[in-house]
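Next comes input.txt, a file with compact mmCIF, C-alpha atoms.
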# COMPACT_ATOMS: atom_id res chain seq x y z
CA MET F 1441 -3.52 7.24 51.43
CA ARG F 1442 -1.69 5.82 48.48
CA ALA F 1443 -4.89 5.54 46.48
CA TYR F 1444 -5.68 9.13 47.29
CA LEU F 1445 -2.32 10.33 46.04
CA ASN F 1446 -2.82 8.26 42.95
CA THR F 1447 -6.10 10.05 42.28
CA ILE F 1448 -4.41 13.40 42.41
CA SER F 1449 -1.57 12.48 40.13
CA ASN F 1450 -3.90 10.81 37.66
CA PRO F 1451 -7.26 12.53 37.20
CA TRP F 1452 -8.51 9.77 34.84
CA ARG F 1453 -8.50 7.41 37.80
CA VAL F 1454 -11.32 9.27 39.53
CA PHE F 1455 -13.76 8.09 36.89
CA ASP F 1456 -12.31 4.61 36.86
CA GLU F 1457 -12.59 4.22 40.60
CA LEU F 1458 -16.11 5.59 40.77
CA MET F 1459 -17.19 3.10 38.14
CA GLY F 1460 -15.25 0.38 39.90
CA ASP F 1461 -17.57 0.65 42.91
CA PHE F 1462 -20.46 -0.78 40.91
CA PRO F 1463 -20.99 -4.52 40.77
CA PHE F 1464 -19.11 -5.68 37.73
CA ASP F 1465 -22.08 -7.22 35.92
CA LEU F 1466 -24.20 -4.14 36.23
CA PHE F 1467 -21.37 -2.00 34.93
CA ASP F 1468 -20.77 -4.31 32.01
CA THR F 1469 -24.42 -4.46 30.95
CA ALA F 1470 -24.87 -0.73 31.29
CA MET F 1471 -21.83 -0.03 29.19
CA ARG F 1472 -22.76 -2.55 26.56
CA SER F 1473 -26.30 -1.36 26.10
CA ARG F 1474 -24.99 2.17 25.71
CA ALA F 1475 -22.17 1.18 23.41
CA GLY F 1476 -24.20 2.34 20.41
CA ARG F 1477 -24.07 5.96 21.43
CA PHE F 1478 -21.06 5.94 23.64
CA PRO F 1479 -18.25 3.67 22.44
CA ARG F 1480 -15.99 2.13 25.05
CA VAL F 1481 -12.39 3.24 24.88
CA ASN F 1482 -8.90 2.70 26.12
CA VAL F 1483 -6.86 5.91 26.36
CA TRP F 1484 -3.08 5.85 26.46
CA GLU F 1485 -0.92 8.84 27.27
CA SER F 1486 2.76 9.54 26.89
CA GLU F 1487 5.15 12.45 26.84
CA GLY F 1488 4.78 12.50 23.10
CA GLY F 1489 1.05 12.26 22.71
CA LEU F 1490 -2.14 10.31 23.02
CA ALA F 1491 -3.47 7.03 21.68
CA VAL F 1492 -7.14 6.09 21.81
CA GLN F 1493 -8.74 2.74 21.01
CA ALA F 1494 -12.51 2.67 20.57
CA GLU F 1495 -14.93 -0.20 19.94
CA VAL F 1496 -16.91 0.63 16.84
CA ALA F 1497 -18.22 -2.70 15.50
CA GLY F 1498 -20.31 -2.28 12.38
CA VAL F 1499 -19.03 1.18 11.59
CA ASP F 1500 -18.42 2.19 8.02
CA PRO F 1501 -14.89 3.70 8.04
CA GLU F 1502 -16.19 6.38 5.63
CA LYS F 1503 -18.70 7.54 8.22
CA LEU F 1504 -16.19 7.95 10.99
CA ASP F 1505 -15.03 11.38 12.04
CA VAL F 1506 -12.12 12.14 14.36
CA ALA F 1507 -11.46 15.79 15.19
CA VAL F 1508 -9.29 17.79 17.54
CA ASP F 1509 -10.04 21.32 18.67
CA ALA F 1510 -7.25 22.60 20.92
CA ASN F 1511 -7.49 20.15 23.84
CA VAL F 1512 -10.77 18.44 22.99
CA LEU F 1513 -10.75 15.20 21.02
CA THR F 1514 -14.05 14.11 19.48
CA ILE F 1515 -14.81 10.77 17.87
CA LYS F 1516 -18.14 10.44 16.11
CA GLY F 1517 -19.72 8.26 13.50
CA GLU F 1518 -22.59 6.08 12.50
CA ARG F 1519 -22.75 2.36 12.91
CA GLU F 1520 -24.99 -0.54 12.24
CA GLN F 1521 -25.91 -2.25 15.47
CA ALA F 1522 -26.46 -5.96 15.82
CA ASP F 1523 -30.23 -5.41 15.89
CA GLY F 1524 -30.01 -3.85 12.44
CA SER F 1525 -30.74 -0.27 13.45
CA ARG F 1526 -28.34 2.54 12.65
CA ALA F 1527 -27.06 4.58 15.53
CA GLU F 1528 -24.97 7.69 15.72
CA PHE F 1529 -22.35 7.78 18.39
CA GLN F 1530 -20.11 10.48 19.72
CA ARG F 1531 -17.61 10.77 22.48
CA SER F 1532 -15.41 13.71 23.43
CA PHE F 1533 -12.40 13.89 25.68
CA ASN F 1534 -11.21 17.00 27.42
CA LEU F 1535 -7.47 16.62 27.67
CA PRO F 1536 -5.03 18.27 30.02
CA PHE F 1537 -2.85 19.34 27.09
CA GLU F 1538 -3.22 20.52 23.50
CA LEU F 1539 -2.90 18.21 20.55
CA GLU F 1540 -1.45 18.66 17.09
CA ASP F 1541 -4.61 18.32 15.01
CA ALA F 1542 -2.69 18.33 11.73
CA GLN F 1543 -1.05 15.04 12.67
CA ILE F 1544 -3.95 12.82 13.67
CA LYS F 1545 -3.62 9.24 12.53
CA ALA F 1546 -6.70 7.06 12.57
CA ALA F 1547 -7.17 3.49 11.45
CA VAL F 1548 -10.04 1.03 11.75
CA LYS F 1549 -9.44 -2.68 11.87
CA ASN F 1550 -12.04 -5.32 12.69
CA GLY F 1551 -14.33 -2.72 14.23
CA LEU F 1552 -11.65 -1.30 16.49
CA LEU F 1553 -10.64 2.31 15.90
CA THR F 1554 -7.13 3.39 16.81
CA VAL F 1555 -6.28 7.09 16.88
CA THR F 1556 -2.85 8.51 17.64
CA ILE F 1557 -2.19 12.22 18.03
CA PRO F 1558 1.02 13.95 19.06
CA ARG F 1559 0.99 16.69 21.66
CA LYS F 1560 1.33 20.23 20.50
CA ALA F 1561 4.86 21.39 21.15
CA THR F 1562 4.73 24.07 23.77
CA GLU F 1563 7.16 26.88 23.44
CA LYS F 1564 9.18 27.57 26.50
CA ARG F 1565 9.89 31.23 26.84
CA LYS F 1566 12.30 32.72 29.19
CA ILE F 1567 11.14 35.96 30.69
CA ALA F 1568 13.86 38.40 31.37
CA ILE F 1569 13.64 40.18 34.64
CA GLU F 1570 14.43 43.81 34.39
CA LYS F 1571 16.57 45.37 36.95
CA LEU F 1572 14.96 48.43 38.38
CA MET X 278 6.93 -31.00 34.71
CA SER X 279 4.36 -29.59 36.99
CA LEU X 280 0.62 -29.50 36.60
CA MET X 281 0.63 -25.97 37.93
CA LYS X 282 3.01 -24.66 35.37
CA LYS X 283 1.35 -22.68 32.65
CA SER X 284 2.87 -20.51 30.01
CA GLU X 285 2.24 -16.81 30.30
CA GLN X 286 0.01 -16.99 27.28
CA ASP X 287 -2.17 -19.68 28.86
CA VAL X 288 -2.58 -17.61 31.99
CA GLN X 289 -3.58 -14.64 29.92
CA LYS X 290 -6.16 -16.72 28.11
CA MET X 291 -7.58 -18.00 31.39
CA ASN X 292 -7.87 -14.50 32.79
CA ARG X 293 -10.06 -13.28 30.00
CA VAL X 294 -13.59 -12.27 30.91
CA GLU X 295 -16.25 -14.20 29.01
CA LEU X 296 -18.96 -12.22 27.32
CA THR X 297 -21.95 -13.06 25.19
CA PRO X 298 -21.67 -10.91 22.10
CA ALA X 299 -24.57 -8.79 20.85
CA SER X 300 -26.28 -10.58 17.96
CA ARG X 301 -29.36 -10.68 15.80
CA VAL X 302 -31.06 -13.04 13.37
CA LEU X 303 -33.00 -11.85 10.35
CA GLU X 304 -35.17 -14.19 8.31
CA GLY X 305 -35.16 -13.90 4.55
CA GLU X 306 -36.95 -16.01 1.96
CA GLU X 307 -33.86 -17.99 1.04
CA ALA X 308 -31.82 -17.83 4.24
CA TYR X 309 -31.41 -16.53 7.75
CA THR X 310 -28.73 -13.92 8.40
CA LEU X 311 -27.06 -14.09 11.77
CA THR X 312 -24.92 -11.08 12.72
CA VAL X 313 -22.63 -11.13 15.73
CA GLU X 314 -20.70 -8.09 17.00
CA LEU X 315 -17.06 -9.00 17.55
CA PRO X 316 -15.11 -5.74 17.78
CA GLY X 317 -11.34 -6.09 17.73
CA VAL X 318 -11.46 -9.73 16.66
CA SER X 319 -9.55 -10.85 13.58
CA GLU X 320 -10.74 -13.73 11.38
CA LYS X 321 -8.17 -16.14 12.70
CA GLU X 322 -9.33 -15.58 16.28
CA ILE X 323 -12.85 -16.74 15.50
CA GLU X 324 -13.69 -20.38 16.00
CA LEU X 325 -16.91 -21.61 14.47
CA THR X 326 -18.07 -25.13 15.16
CA LEU X 327 -21.19 -27.04 14.29
CA GLU X 328 -22.17 -30.05 16.33
CA ASN X 329 -25.62 -31.64 16.54
CA ARG X 330 -27.15 -28.57 14.89
CA VAL X 331 -25.63 -26.29 17.51
CA LEU X 332 -23.52 -23.54 16.01
CA SER X 333 -20.92 -22.34 18.50
CA ILE X 334 -18.86 -19.20 18.20
CA THR X 335 -15.78 -18.53 20.30
CA ALA X 336 -13.64 -15.48 19.64
CA GLU X 337 -10.96 -13.46 21.36
CA ASN X 338 -10.23 -9.80 20.79
CA THR X 339 -6.76 -8.38 20.31
CA LEU X 340 -5.92 -5.04 21.85
CA GLU X 341 -2.72 -3.38 20.79
CA THR X 342 -0.58 -2.12 23.65
CA PHE X 343 1.38 1.07 23.14
CA LYS X 344 4.98 0.98 24.19
CA ASP X 345 6.14 3.91 26.35
CA TYR X 346 2.52 4.94 26.89
CA THR X 347 0.53 4.74 30.13
CA LEU X 348 -3.02 3.43 30.08
CA VAL X 349 -5.02 6.26 31.65
CA LEU X 350 -8.59 5.17 30.91
CA HIS X 351 -9.32 1.47 30.73
CA GLU X 352 -12.77 0.44 29.53
CA LEU X 353 -11.86 -2.24 26.98
CA PRO X 354 -10.79 -5.51 28.54
CA GLU X 355 -9.36 -8.50 26.75
CA VAL X 356 -12.37 -10.76 26.46
CA ARG X 357 -13.50 -14.07 25.12
CA TYR X 358 -16.78 -13.95 23.28
CA ARG X 359 -18.87 -17.09 23.45
CA ALA X 360 -22.25 -17.79 21.91
CA ALA X 361 -24.20 -20.83 20.73
CA PHE X 362 -27.21 -21.04 18.45
CA ASP X 363 -29.62 -23.93 18.02
CA LEU X 364 -30.24 -24.22 14.32
CA PRO X 365 -33.71 -25.24 13.17
CA GLU X 366 -34.13 -28.48 11.18
CA HIS X 367 -34.79 -26.66 7.94
CA VAL X 368 -31.40 -24.91 7.84
CA ASP X 369 -29.11 -26.45 5.26
CA THR X 370 -26.01 -26.75 7.44
CA ALA X 371 -23.79 -27.71 4.50
CA GLY X 372 -24.42 -24.34 2.87
CA ILE X 373 -23.54 -22.07 5.82
CA LYS X 374 -21.32 -19.18 4.85
CA ALA X 375 -19.43 -16.82 7.15
CA ALA X 376 -17.95 -13.38 6.49
CA ASN X 377 -16.24 -10.83 8.70
CA LYS X 378 -16.84 -7.15 8.03
CA ASN X 379 -15.97 -4.13 10.19
CA GLY X 380 -15.99 -6.20 13.36
CA LEU X 381 -19.26 -7.93 12.53
CA LEU X 382 -19.38 -11.66 11.87
CA ILE X 383 -22.10 -12.24 9.30
CA LEU X 384 -23.38 -15.80 8.86
CA THR X 385 -25.70 -16.84 6.09
CA LEU X 386 -27.78 -19.86 7.03
CA PRO X 387 -29.58 -21.08 3.90
CA LYS X 388 -32.93 -22.80 4.18
CA ARG X 389 -33.45 -26.25 2.73
CA GLU X 390 -35.03 -26.33 -0.69
CA GLU X 391 -38.33 -27.85 0.48
CA VAL X 392 -39.10 -24.96 2.86
CA LYS X 393 -38.31 -22.16 0.42
CA PRO X 394 -41.38 -20.51 -1.02
CA ARG X 395 -42.09 -21.63 -4.56
CA ARG X 396 -44.64 -20.93 -7.18
CA ILE X 397 -46.84 -23.80 -8.33
CA ALA X 398 -48.00 -23.51 -11.86
CA ILE X 399 -51.64 -24.34 -12.54
CA THR X 400 -52.26 -26.27 -15.65
CA ALA X 401 -55.43 -25.43 -17.44
CA GLY X 402 -57.62 -28.46 -17.77

Please, can you express the file's structure as structure tokens?
Amino acid sequence: MRAYLNTISNPWRVFDELMGDFPFDLFDTAMRSRAGRFPRVNVWESEGGLAVQAEVAGVDPEKLDVAVDANVLTIKGEREQADGSRAEFQRSFNLPFELEDAQIKAAVKNGLLTVTIPRKATEKRKIAIEKL
Amino acid sequence: MSLMKKSEQDVQKMNRVELTPASRVLEGEEAYTLTVELPGVSEKEIELTLENRVLSITAENTLETFKDYTLVLHELPEVRYRAAFDLPEHVDTAGIKAANKNGLLILTLPKREEVKPRRIAITAG
């Protein structure tokens, strides 16, 4: 029951738990062979915003593109794989809140991309109730 | 002192998953180029050793943790990369060079002079 509640409060977990049912080795191999097109990530969330870490070994920082459109974050780029071929990769995240696209910060270090984006401030509006 | 006692850092190191990194070897006329994918690994976390013509690579990645943030999607574990390569006799082990670029470890393994292609001049007689 606790796990179930956890799933509701944290929708990201659904994916995690589904993947967790696979034997670990299979999961690992599958993810690694796909890493060229689909980089693995860690996503962090807070009241203030979002932080994403993505594995992009062999990527030329110039060929990396991070974009936000309302509540969709897209990371794409081109990288040189260990076998020498070039591969384009892209991954998008549909987020439960809007992000401030003007304030994206992205940095690449040792083939690890770190992106931080603040949430868009939502205006709270009080609606006056008219007396009839 | 207890044999069981380990510092937190040691425990963390022990808990790391071991992976074989993706790699490739290309042969050139002068040298072989060995490329190993080590995303998130800084130079000082790479250990390269050569023993009996076996080149061993051990590396650990560093993942920044964000204070006051919750990890909501976790696909990147802290890992230890481990790989070993048997070097052929004709590699000049003294001339091995290593460079780290964009998360790729690039090793240049020069060939010994006697196996490099060379032009033999023919003297007219």

- request: Measure the distance from CA of Glu304 in chain X to CA of Glu391 in chain X in Å and round it to one decimal.
  value: 16.1 Å

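The gap separating CA of Val1499 in chain F from CA of Val1548 in chain F is 9.0 Å, in Å to one decimal.
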
message: Tell me as a PyMOL selection string which residues belonging to chain F come within 6 Å of chain X, counting only C-alpha atoms.
response: chain F and resi 1452+1480-1486+1495+1497-1498+1522-1523+1550-1552

message: as JSON, numbers by chain, please: the residues near Gln1543 in chain F (cut-off 9 Å, all atoms listed in the file, same-chain neighbours under 4 positions excluded).
response: {"F": [1539, 1556, 1557, 1558]}

Restricted to C-alpha atoms, what would the selected residues look like written as a PDB file, keeping the file's coordinate frame?
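Below is the file out-v2.pdb, written as the result:
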ATOM      1  CA  LEU F1539      -2.900  18.210  20.550  1.00  0.00           C
ATOM      2  CA  THR F1556      -2.850   8.510  17.640  1.00  0.00           C
ATOM      3  CA  ILE F1557      -2.190  12.220  18.030  1.00  0.00           C
ATOM      4  CA  PRO F1558       1.020  13.950  19.060  1.00  0.00           C
TER       5      PRO F1558
END

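Take CA of Val368 in chain X and CA of Thr335 in chain X: the distance between them is 21.0 Å.
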
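The residue that comes closest to Ala361 in chain X, out of X:Leu332, X:Leu327, X:Val294, X:Leu384 and on the basis of only C-alpha atoms, is X:Leu332.
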
3 Å per side around range 293-296 of chain X: axis-aligned box centre and edge lengths, as JSON:
{"center_x": -14.5, "center_y": -13.2, "center_z": 29.1, "size_x": 14.9, "size_y": 8.0, "size_z": 9.6}

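Residue neighbourhood of Ile1544 in chain F, excluding near-sequence residues (fewer than 6 positions): Gly1489, Leu1490, Ala1491, Val1492, Asp1505, Val1506, Ala1507, Val1508, Asp1509, Leu1513, Thr1514, Ile1515, Thr1554, Val1555, Thr1556, Ile1557, Pro1558, Arg1559 and Lys1560 of chain F, at 12 Å, using all atoms listed in the file.
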
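For Lys1503 in chain F, the set of protein, DNA and RNA residues having any atom at most 12 Å away, when counting only C-alpha atoms and skipping those fewer than 4 positions along the same chain, is Val1496, Gly1498, Val1499, Ile1515, Lys1516, Gly1517, Glu1518, Arg1519, Glu1520, Arg1526, Ala1527, Glu1528, Phe1529, Gln1530 and Val1548 of chain F.
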
Spatial sel., origin (-12.1, 19.9, 23.8), limit 7 Å, only C-alpha atoms, listed as number ranges by chain: F: 1509-1513, 1533-1535

Write to file, as a compact mmCIF listing (two decimals), in the frame of the given file, the residues of the selection just made, with C-alpha atoms.
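Result written to part_36.txt:
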# COMPACT_ATOMS: atom_id res chain seq x y z
CA ASP F 1509 -10.04 21.32 18.67
CA ALA F 1510 -7.25 22.60 20.92
CA ASN F 1511 -7.49 20.15 23.84
CA VAL F 1512 -10.77 18.44 22.99
CA LEU F 1513 -10.75 15.20 21.02
CA PHE F 1533 -12.40 13.89 25.68
CA ASN F 1534 -11.21 17.00 27.42
CA LEU F 1535 -7.47 16.62 27.67
